[in-house]
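This is coords34.cif (mmCIF, C-alpha atoms).
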```cif
data_work
loop_
_atom_site.label_atom_id
_atom_site.label_comp_id
_atom_site.auth_asym_id
_atom_site.auth_seq_id
_atom_site.Cartn_x
_atom_site.Cartn_y
_atom_site.Cartn_z
CA MET E 268 50.47 139.58 -140.26
CA PRO E 269 51.81 136.61 -142.15
CA PRO E 270 49.32 134.83 -144.36
CA ALA E 271 47.44 131.96 -142.77
CA ILE E 272 48.88 128.53 -143.50
CA THR E 273 46.35 126.18 -144.99
CA THR E 274 46.77 122.45 -145.56
CA GLN E 275 46.07 121.47 -149.13
CA PRO E 276 44.67 118.03 -149.90
CA PRO E 277 46.88 115.77 -152.00
CA LEU E 278 46.80 116.59 -155.69
CA PHE E 279 46.19 112.94 -156.55
CA ASP E 280 44.31 110.34 -154.57
CA THR E 281 45.70 106.87 -155.36
CA ALA E 282 43.95 103.56 -154.90
CA ASP E 283 43.84 101.76 -151.57
CA ALA E 284 45.64 98.83 -153.23
CA VAL E 285 48.74 100.99 -153.61
CA ALA E 286 48.76 101.78 -149.91
CA ARG E 287 48.24 98.13 -149.02
CA ILE E 288 51.20 97.06 -151.17
CA ALA E 289 53.40 99.86 -149.81
CA ALA E 290 52.56 98.84 -146.25
CA ALA E 291 53.18 95.13 -146.84
CA SER E 292 56.04 95.09 -149.31
CA ARG E 293 59.57 94.19 -148.27
CA ARG E 294 60.91 94.12 -151.82
CA THR E 295 63.92 96.29 -152.65
CA GLN E 296 65.57 97.03 -155.97
CA GLN E 297 69.10 95.67 -156.11
CA PRO E 298 71.77 96.67 -158.63
CA GLN E 299 73.56 94.65 -161.27
CA SER E 300 77.34 94.45 -161.21
CA ARG E 301 79.32 97.46 -162.40
CA ALA E 302 82.93 98.57 -162.31
CA ASP E 303 82.92 99.38 -158.59
CA LEU E 304 80.35 96.82 -157.42
CA VAL E 305 80.08 93.04 -157.48
CA SER E 306 76.42 92.07 -157.33
CA LEU E 307 75.50 88.77 -155.73
CA ALA E 308 71.96 90.09 -155.30
CA MET E 309 70.41 89.25 -158.66
CA GLY E 310 68.53 86.02 -159.21
CA GLU E 311 69.42 86.18 -162.88
CA PRO E 312 71.50 83.69 -164.87
CA ASP E 313 74.70 85.23 -166.24
CA PHE E 314 74.55 82.87 -169.23
CA ASP E 315 73.38 84.05 -172.63
CA THR E 316 70.13 82.63 -173.92
CA PRO E 317 70.90 79.49 -175.98
CA GLN E 318 71.75 80.46 -179.53
CA GLN E 319 69.04 78.40 -181.18
CA VAL E 320 66.41 80.22 -179.16
CA THR E 321 67.67 83.63 -180.26
CA GLU E 322 67.87 82.45 -183.87
CA ALA E 323 64.29 81.21 -183.67
CA ALA E 324 63.14 84.67 -182.60
CA HIS E 325 65.03 86.28 -185.49
CA ALA E 326 63.51 83.81 -187.97
CA SER E 327 60.04 84.43 -186.57
CA ILE E 328 60.38 88.17 -186.95
CA ARG E 329 61.66 87.78 -190.51
CA ALA E 330 58.66 85.57 -191.25
CA GLY E 331 56.32 88.36 -190.17
CA ARG E 332 55.28 86.79 -186.88
CA THR E 333 54.81 90.21 -185.31
CA HIS E 334 51.03 90.40 -184.96
CA TYR E 335 48.75 89.72 -182.02
CA SER E 336 48.81 86.23 -180.58
CA PRO E 337 45.73 84.43 -179.20
CA LEU E 338 45.07 85.61 -175.66
CA LEU E 339 45.78 82.20 -174.12
CA GLY E 340 48.95 81.82 -176.17
CA GLU E 341 50.18 80.18 -179.35
CA PRO E 342 48.57 76.75 -179.87
CA ALA E 343 51.87 75.05 -180.83
CA LEU E 344 53.58 76.24 -177.66
CA ARG E 345 50.65 75.26 -175.47
CA GLU E 346 50.54 71.79 -177.03
CA ALA E 347 54.27 71.30 -176.44
CA LEU E 348 53.93 72.42 -172.83
CA ALA E 349 50.92 70.14 -172.32
CA ALA E 350 53.02 67.17 -173.42
CA LYS E 351 55.85 68.23 -171.11
CA LEU E 352 53.53 68.70 -168.15
CA ALA E 353 51.71 65.41 -168.76
CA ALA E 354 55.05 63.66 -168.27
CA THR E 355 55.62 65.64 -165.06
CA ALA E 356 52.11 65.14 -163.70
CA GLY E 357 51.75 61.50 -164.68
CA ALA E 358 48.26 62.40 -165.85
CA PRO E 359 46.63 63.92 -168.96
CA VAL E 360 47.14 67.65 -169.41
CA SER E 361 45.00 69.66 -171.80
CA ALA E 362 46.54 72.52 -173.76
CA ALA E 363 43.23 74.31 -173.23
CA ASP E 364 44.18 74.71 -169.55
CA ILE E 365 47.56 76.35 -170.25
CA LEU E 366 47.93 80.14 -170.19
CA ILE E 367 51.07 81.77 -171.59
CA THR E 368 52.01 84.75 -169.40
CA GLN E 369 54.29 87.77 -169.44
CA GLY E 370 56.93 86.00 -167.39
CA GLY E 371 56.41 84.10 -164.16
CA THR E 372 55.63 87.36 -162.37
CA ALA E 373 52.53 87.99 -164.46
CA GLY E 374 51.50 84.38 -163.99
CA LEU E 375 51.71 84.73 -160.22
CA ALA E 376 49.80 88.00 -160.39
CA ALA E 377 47.07 86.57 -162.60
CA SER E 378 46.59 83.48 -160.45
CA ILE E 379 46.62 85.23 -157.07
CA LEU E 380 44.37 88.08 -158.20
CA GLY E 381 42.07 85.54 -159.83
CA ILE E 382 41.67 83.61 -156.55
CA VAL E 383 41.93 85.99 -153.59
CA ASN E 384 39.06 88.15 -152.37
CA PRO E 385 39.32 90.89 -149.72
CA GLY E 386 39.68 89.28 -146.32
CA ASP E 387 40.70 85.84 -147.61
CA LYS E 388 43.35 84.01 -145.60
CA VAL E 389 46.49 83.20 -147.61
CA VAL E 390 49.22 81.08 -146.05
CA VAL E 391 52.85 81.44 -147.10
CA PRO E 392 56.08 80.02 -145.65
CA ASP E 393 58.37 82.49 -143.87
CA PRO E 394 60.82 83.28 -145.34
CA THR E 395 59.73 83.05 -148.97
CA TYR E 396 59.65 85.06 -152.18
CA SER E 397 58.16 88.41 -151.20
CA LEU E 398 56.10 89.00 -154.35
CA TYR E 399 53.46 86.60 -153.04
CA GLY E 400 52.64 88.86 -150.11
CA ASP E 401 52.58 91.98 -152.27
CA LEU E 402 50.04 90.42 -154.61
CA VAL E 403 47.87 89.20 -151.75
CA ALA E 404 47.95 92.74 -150.34
CA MET E 405 46.89 94.10 -153.73
CA ALA E 406 43.90 91.75 -153.69
CA GLY E 407 43.01 92.72 -150.13
CA GLY E 408 43.71 89.30 -148.66
CA THR E 409 45.39 88.54 -145.34
CA VAL E 410 48.83 86.92 -145.38
CA VAL E 411 49.52 84.35 -142.68
CA PRO E 412 53.29 83.62 -142.60
CA VAL E 413 54.37 80.27 -141.18
CA PRO E 414 57.92 80.07 -139.76
CA LEU E 415 60.07 77.27 -141.11
CA ALA E 416 61.69 74.47 -139.16
CA PRO E 417 65.36 74.89 -138.18
CA ASP E 418 66.46 73.02 -141.32
CA LEU E 419 64.49 75.58 -143.40
CA HIS E 420 61.96 72.97 -144.54
CA TRP E 421 58.30 73.36 -143.58
CA ASP E 422 57.34 73.08 -139.94
CA LEU E 423 54.47 70.72 -140.69
CA ASP E 424 52.75 71.10 -137.31
CA ARG E 425 52.65 74.88 -137.62
CA LEU E 426 51.61 74.59 -141.24
CA ALA E 427 48.73 72.27 -140.34
CA ASP E 428 47.40 74.82 -137.84
CA ALA E 429 47.77 77.74 -140.25
CA LEU E 430 46.04 76.03 -143.17
CA THR E 431 42.75 75.73 -141.28
CA GLY E 432 40.30 78.01 -143.06
CA ALA E 433 42.85 79.17 -145.65
CA LYS E 434 41.68 80.08 -149.14
CA LEU E 435 45.16 79.67 -150.61
CA PHE E 436 48.63 78.31 -149.89
CA VAL E 437 51.47 79.71 -152.01
CA PHE E 438 54.97 78.27 -152.05
CA CYS E 439 57.98 77.85 -154.31
CA ASN E 440 60.00 74.70 -154.87
CA PRO E 441 63.00 74.82 -155.04
CA VAL E 442 62.80 77.73 -152.64
CA ASN E 443 63.81 81.34 -153.09
CA PRO E 444 65.60 82.44 -150.86
CA THR E 445 66.74 79.32 -148.98
CA GLY E 446 67.58 76.93 -151.82
CA ILE E 447 65.68 74.13 -150.06
CA VAL E 448 63.99 71.47 -152.23
CA HIS E 449 60.78 70.07 -150.78
CA SER E 450 60.67 66.27 -150.94
CA ARG E 451 57.91 63.94 -152.07
CA GLU E 452 57.30 63.10 -148.40
CA GLU E 453 56.68 66.76 -147.57
CA LEU E 454 54.33 67.21 -150.51
CA ASP E 455 52.46 64.00 -149.66
CA THR E 456 52.04 65.33 -146.13
CA LEU E 457 50.73 68.63 -147.49
CA ALA E 458 48.20 66.73 -149.58
CA GLY E 459 47.06 64.92 -146.45
CA LEU E 460 46.72 68.17 -144.52
CA LEU E 461 44.47 69.58 -147.24
CA ASP E 462 42.37 66.46 -147.75
CA GLY E 463 38.71 67.46 -147.61
CA ALA E 464 39.50 71.19 -147.44
CA PRO E 465 38.70 73.70 -150.23
CA THR E 466 42.15 75.32 -150.01
CA ILE E 467 43.80 76.11 -153.36
CA VAL E 468 47.55 75.74 -153.87
CA ILE E 469 49.86 77.77 -156.08
CA SER E 470 53.16 75.98 -156.70
CA ASP E 471 55.83 78.27 -158.12
CA GLU E 472 58.37 75.89 -159.65
CA ALA E 473 60.60 78.41 -161.43
CA TYR E 474 63.76 76.57 -160.31
CA SER E 475 62.55 73.00 -160.83
CA ASP E 476 65.37 72.20 -163.28
CA LEU E 477 67.96 73.31 -160.71
CA ASP E 478 67.80 70.46 -158.21
CA TYR E 479 71.08 69.09 -156.85
CA THR E 480 69.70 66.54 -154.36
CA GLY E 481 70.37 63.51 -156.53
CA ARG E 482 66.76 62.39 -156.19
CA PRO E 483 64.03 62.99 -158.79
CA PHE E 484 62.41 66.40 -158.35
CA THR E 485 58.82 66.15 -157.11
CA SER E 486 56.40 68.62 -158.64
CA ALA E 487 53.19 69.39 -156.77
CA ILE E 488 51.24 68.39 -159.86
CA SER E 489 52.66 64.87 -159.64
CA VAL E 490 51.12 64.32 -156.19
CA ASP E 491 47.64 62.86 -155.83
CA GLY E 492 45.62 65.16 -153.62
CA LEU E 493 47.50 68.25 -154.81
CA ARG E 494 47.22 67.99 -158.59
CA GLU E 495 43.48 68.72 -158.68
CA ARG E 496 43.77 71.82 -156.46
CA THR E 497 47.08 73.28 -157.71
CA VAL E 498 47.86 76.12 -160.08
CA TYR E 499 51.31 75.37 -161.47
CA CYS E 500 53.35 78.50 -162.20
CA GLN E 501 56.44 78.29 -164.40
CA THR E 502 58.81 80.61 -166.25
CA PHE E 503 61.43 80.34 -168.98
CA SER E 504 63.66 82.79 -167.11
CA LYS E 505 65.78 80.51 -164.93
CA SER E 506 66.12 77.18 -166.77
CA TYR E 507 66.67 78.73 -170.20
CA ALA E 508 68.46 81.98 -169.20
CA MET E 509 65.57 83.97 -170.74
CA THR E 510 64.90 86.57 -168.03
CA GLY E 511 64.54 89.50 -170.41
CA TRP E 512 62.24 87.64 -172.79
CA ARG E 513 59.37 87.76 -170.25
CA VAL E 514 57.56 84.52 -170.92
CA GLY E 515 56.03 82.04 -168.50
CA TYR E 516 52.92 79.90 -168.17
CA LEU E 517 50.23 78.57 -165.86
CA TRP E 518 48.42 75.25 -165.77
CA GLY E 519 45.72 74.07 -163.38
CA PRO E 520 42.02 73.39 -162.88
CA THR E 521 39.97 74.86 -165.72
CA PRO E 522 37.99 77.42 -163.64
CA LEU E 523 41.17 78.76 -162.03
CA ILE E 524 42.98 79.10 -165.37
CA GLN E 525 39.95 80.82 -166.88
CA ALA E 526 39.95 83.27 -163.97
CA SER E 527 43.71 83.82 -164.34
CA ALA E 528 43.28 84.39 -168.08
CA ARG E 529 40.65 87.04 -167.44
CA ILE E 530 43.06 88.89 -165.14
CA HIS E 531 46.09 88.41 -167.40
CA ASN E 532 44.23 89.51 -170.52
CA THR E 533 43.05 92.65 -168.73
CA PHE E 534 46.47 93.59 -167.36
CA ASN E 535 48.79 92.31 -170.04
CA GLY E 536 47.14 91.06 -173.20
CA SER E 537 48.84 88.35 -175.20
CA VAL E 538 52.56 87.59 -175.15
CA ASN E 539 54.57 88.59 -178.26
CA THR E 540 54.16 86.01 -181.00
CA PHE E 541 57.85 85.75 -181.93
CA ILE E 542 58.79 85.39 -178.26
CA GLN E 543 56.47 82.39 -178.02
CA ASP E 544 58.07 80.92 -181.16
CA ALA E 545 61.45 81.23 -179.44
CA ALA E 546 60.02 79.65 -176.29
CA LEU E 547 58.79 76.70 -178.36
CA THR E 548 62.33 76.17 -179.62
CA ALA E 549 63.55 76.26 -176.03
CA VAL E 550 61.08 73.55 -174.99
CA ASN E 551 61.98 71.35 -177.96
CA SER E 552 65.76 71.73 -178.14
CA CYS E 553 67.40 72.98 -174.93
CA ASP E 554 67.69 69.95 -172.65
CA GLU E 555 71.48 69.87 -173.09
CA ASP E 556 71.73 73.60 -172.41
CA ILE E 557 69.71 73.21 -169.20
CA ALA E 558 72.00 70.39 -168.06
CA ARG E 559 75.12 72.44 -168.85
CA MET E 560 73.93 75.47 -166.91
CA ARG E 561 72.67 73.36 -164.02
CA ALA E 562 76.09 71.71 -163.66
CA ALA E 563 77.76 75.13 -163.66
CA TYR E 564 75.42 76.44 -160.95
CA GLU E 565 76.09 73.43 -158.78
CA GLN E 566 79.84 74.00 -159.12
CA ARG E 567 79.47 77.70 -158.39
CA GLY E 568 77.40 76.89 -155.32
CA GLU E 569 80.26 74.77 -154.01
CA ILE E 570 82.69 77.62 -154.64
CA MET E 571 80.48 80.08 -152.77
CA ARG E 572 79.95 77.71 -149.87
CA GLY E 573 83.69 77.13 -149.54
CA GLU E 574 84.43 80.86 -149.56
CA LEU E 575 81.66 81.68 -147.08
CA ALA E 576 82.74 78.90 -144.70
CA ALA E 577 85.97 80.79 -144.02
CA ILE E 578 84.14 83.88 -142.72
CA PRO E 579 83.77 84.04 -138.91
CA GLY E 580 80.25 84.53 -137.59
CA LEU E 581 78.35 83.05 -140.52
CA THR E 582 76.14 79.99 -140.23
CA LEU E 583 75.64 78.54 -143.68
CA SER E 584 72.52 76.99 -145.11
CA ALA E 585 72.61 73.76 -147.08
CA PRO E 586 71.10 74.60 -150.48
CA GLU E 587 69.61 71.72 -152.43
CA GLY E 588 68.44 73.65 -155.49
CA ALA E 589 68.00 77.03 -157.20
CA PHE E 590 71.11 79.25 -156.95
CA TYR E 591 70.99 80.89 -153.52
CA GLN E 592 72.90 80.73 -150.25
CA PHE E 593 71.06 82.05 -147.18
CA PRO E 594 73.60 82.40 -144.36
CA ARG E 595 72.80 83.68 -140.89
CA TYR E 596 75.18 86.26 -139.42
CA ASP E 597 75.91 86.89 -135.73
CA LEU E 598 75.93 90.71 -135.75
CA ASP E 599 73.28 92.51 -133.72
CA LEU E 600 72.17 94.60 -136.68
CA PRO E 601 69.12 94.54 -138.97
CA SER E 602 69.87 92.93 -142.31
CA VAL E 603 69.02 96.10 -144.23
CA GLU E 604 71.77 97.91 -142.33
CA VAL E 605 74.23 95.10 -142.96
CA VAL E 606 73.41 95.18 -146.67
CA ALA E 607 73.92 98.95 -146.78
CA ALA E 608 77.30 98.62 -145.07
CA LEU E 609 78.35 95.86 -147.46
CA ARG E 610 77.42 98.05 -150.42
CA ALA E 611 80.04 100.53 -149.22
CA HIS E 612 82.58 97.70 -149.49
CA GLY E 613 81.64 97.06 -153.11
CA VAL E 614 79.33 94.05 -152.85
CA ALA E 615 75.54 93.86 -153.19
CA VAL E 616 73.46 91.15 -151.53
CA ARG E 617 69.83 91.00 -150.40
CA PRO E 618 68.63 91.45 -146.81
CA GLY E 619 67.01 88.37 -145.35
CA SER E 620 64.16 90.49 -143.99
CA GLU E 621 63.01 91.12 -147.58
CA PHE E 622 61.70 87.55 -147.55
CA GLY E 623 59.79 87.73 -144.29
CA ALA E 624 60.22 88.42 -140.59
CA GLN E 625 61.91 85.06 -140.07
CA GLY E 626 64.53 86.00 -142.65
CA GLU E 627 65.91 88.71 -140.39
CA GLY E 628 69.49 88.03 -139.44
CA HIS E 629 70.20 86.41 -142.80
CA LEU E 630 71.61 87.51 -146.14
CA ARG E 631 70.66 86.11 -149.53
CA LEU E 632 73.50 85.63 -151.98
CA SER E 633 73.06 84.44 -155.56
CA TYR E 634 75.58 82.17 -157.25
CA ALA E 635 74.06 82.76 -160.68
CA ALA E 636 77.24 84.74 -161.27
CA SER E 637 80.67 83.88 -162.59
CA ALA E 638 83.12 82.02 -160.35
CA GLN E 639 85.36 85.10 -160.41
CA SER E 640 82.51 87.36 -159.27
CA ILE E 641 81.60 84.93 -156.52
CA THR E 642 85.15 84.77 -155.18
CA GLU E 643 85.65 88.52 -155.31
CA GLY E 644 82.18 89.31 -153.99
CA VAL E 645 82.58 87.02 -150.98
CA ARG E 646 86.02 88.52 -150.29
CA ARG E 647 84.41 91.98 -150.15
CA LEU E 648 81.59 90.62 -148.00
CA ALA E 649 84.17 89.26 -145.54
CA ASP E 650 85.88 92.65 -145.38
CA GLY E 651 82.56 94.40 -144.85
CA LEU E 652 81.43 92.08 -142.05
CA SER E 653 84.82 92.39 -140.38
CA ALA E 654 84.53 96.18 -140.43
CA LEU E 655 81.13 95.95 -138.67
CA ARG E 656 82.56 94.08 -135.67
#
```

Take the structure from the file and write it as structure tokens.
Amino acid sequence: MPPAITTQPPLFDTADAVARIAAASRRTQQPQSRADLVSLAMGEPDFDTPQQVTEAAHASIRAGRTHYSPLLGEPALREALAAKLAATAGAPVSAADILITQGGTAGLAASILGIVNPGDKVVVPDPTYSLYGDLVAMAGGTVVPVPLAPDLHWDLDRLADALTGAKLFVFCNPVNPTGIVHSREELDTLAGLLDGAPTIVISDEAYSDLDYTGRPFTSAISVDGLRERTVYCQTFSKSYAMTGWRVGYLWGPTPLIQASARIHNTFNGSVNTFIQDAALTAVNSCDEDIARMRAAYEQRGEIMRGELAAIPGLTLSAPEGAFYQFPRYDLDLPSVEVVAALRAHGVAVRPGSEFGAQGEGHLRLSYAASAQSITEGVRRLADGLSALR
């Protein structure tokens, strides 16, 4: 007789948090460009980091600035950021309430994990950056997605209903993936909706320097009624083309920053000292570089929009900031299948469903790429969509 078949238990038993993230996550790894592939999937500037920033890092290393930094971050950098944020907020900002983080990702993780308890209700727009939901799942919270209005701005009536009883509202502005920029009027309305409620806000403003609306950008921390309840999350990655440097920061109410610091210090420890010295140079000397790159992105966005407009079956969005186009397609196929088919035609983009259920039927394209890559990538996208018809 053959031996009896027995079922062995798994060799390793992983944490429930892993299963929660796996069940909730829509995030997919997308490739960078290579010889046979044009990638319009990466939200990464193709510019080099400004030279003075790189030189500052070299000088810092040569000066021996290679030891542990204070857990909250280098005092000089925090003071410079406090001055910058005070101008944004129109109110005093204490350096004591600034936490330097391992990129914006670690800042989001530290703030969400420092706020959300199991079972807490967390409201997010749909579609939006999918990391928010993954982190809420890790903490054991419940994500409540709120579909956007047809113009991809907030549906304020739906948002008002969803915010009842919410522990936290997380959003980005300008928005990944839609490129929408929320106006002062929208943020004032949000403040009114939350008046008298204990709901905390996390405002991810990674793309705040990339606003093409022609009106002054409105930060959540500049709005009365939001400032005192908002954790402001920022990164050096987008504005300064410093994605690989992994440096960001948080500012907000003292108890929330203290909680975030406890999480960040446990997960990450302090950010490299010489990286923070380079970041200080960026804050103090890169305004012209930001303006130069912003102008290039705006021009590239116009190139992409013009190329996409010639493709049958696409309905284009009207980006106001960041560096994304979020067109809807008319094929009766899930976006992950469309993306896979496009990859076979030599172009990588992101499926709209990665950003929420309401993103289905869309593609996210990044114009943080060269004009040549945009033109060639959209040409391949047109060929791929044509082949699917």

Hey, what's within 8 Å of E:Thr466 if we count only C-alpha atoms and toss same-chain stuff fewer than 6 positions away? As an MDAnalysis selection string, please? chainID E and resid 430 432:436 496

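With distances restricted to only C-alpha atoms, E:Leu352 is the closest residue to E:Tyr499 from E:Leu461, E:Leu352, E:Leu402, E:Val391.
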
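Selection result for the displayed file, with the PyMOL selection byres ((chain E and resi 540) around 10) as criterion, is Ala324, Ser327, Ile328, Gly331, Arg332, Thr333, His334, Tyr335, Ser336, Pro337, Gly340, Glu341, Ser537, Val538, Asn539, Phe541, Ile542, Gln543, Asp544, Ala545 and Ala546 of chain E.
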
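Applied to this file, the PyMOL selection byres ((chain E and resi 526) around 12) selects the residues Leu339, Asp364, Leu366, Gly374, Ala376, Ala377, Ser378, Ile379, Leu380, Gly381, Ile382, Val383, Val498, Leu517, Trp518, Gly519, Pro520, Thr521, Pro522, Leu523, Ile524, Gln525, Ser527, Ala528, Arg529, Ile530, His531, Asn532 and Thr533 of chain E.
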
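Here atom CA of E:Gly371 and atom CA of E:Leu344 stand 15.9 Å from one another.
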
Report as a PyMOL selection string all protein, DNA and RNA residues lying within 8 Å of E:Val437, evaluated on all atoms listed in the file, omitting residues in the same chain fewer than 4 positions from it. chain E and resi 389-392+399+468-471

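Considering the residues E:Gly536, E:Pro586, E:Pro312, E:Gly370 and counting all atoms listed in the file, E:Val442 has its shortest atom-to-atom contact with E:Pro586.
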
Enumerate, as a PyMOL selection string, the residues matched when the PyMOL selection byres ((chain E and resi 598) around 9) is run on the file above. chain E and resi 580+596-597+599-601+605+628+652+655-656

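Picture a line from atom CA of E:Thr456 to atom CA of E:Gly568; it runs 29.3 Å.
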
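Checking E:Val285, E:Leu419, E:Ala549, E:Ala363 one by one against E:Phe593, counting only C-alpha atoms, you find the shortest gap at E:Leu419.
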
Quick one: everything within 10 Å of E:Gly651, counting only C-alpha atoms, minus sequence neighbours fewer than 2 positions away in the same chain. Send it as a PyMOL selection string. chain E and resi 605-614+645-649+653-656

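Proximity to E:Leu375 was assessed for E:Val616, E:Ala473, E:Cys553, E:Val305 counting all atoms listed in the file; the smallest distance is recorded for E:Ala473.
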
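One finds atom CA of E:Asp424 at 28.3 Å from atom CA of E:Gln501.
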
Test item: residues at most 8 Å from E:Pro342, all atoms listed in the file, excluding those fewer than 3 positions along its chain, as a PyMOL selection string: chain E and resi 345-346+362

Using only C-alpha atoms, can you tell me which of E:Ser584, E:Thr355, E:Ser637, E:Gln625 comes closest to E:Met560? E:Ser637

Could you list, as an MDAnalysis selection string, every residue within 8 Å of E:Ala347, counting all atoms listed in the file and ignoring same-chain residues fewer than 3 positions away? chainID E and resid 343:344 350:351 547 550:551

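Shortest separation to E:Gln566 among E:Tyr479, E:Tyr474, E:Phe484, E:Phe314 occurs at residue E:Tyr479, atoms counted being all atoms listed in the file.
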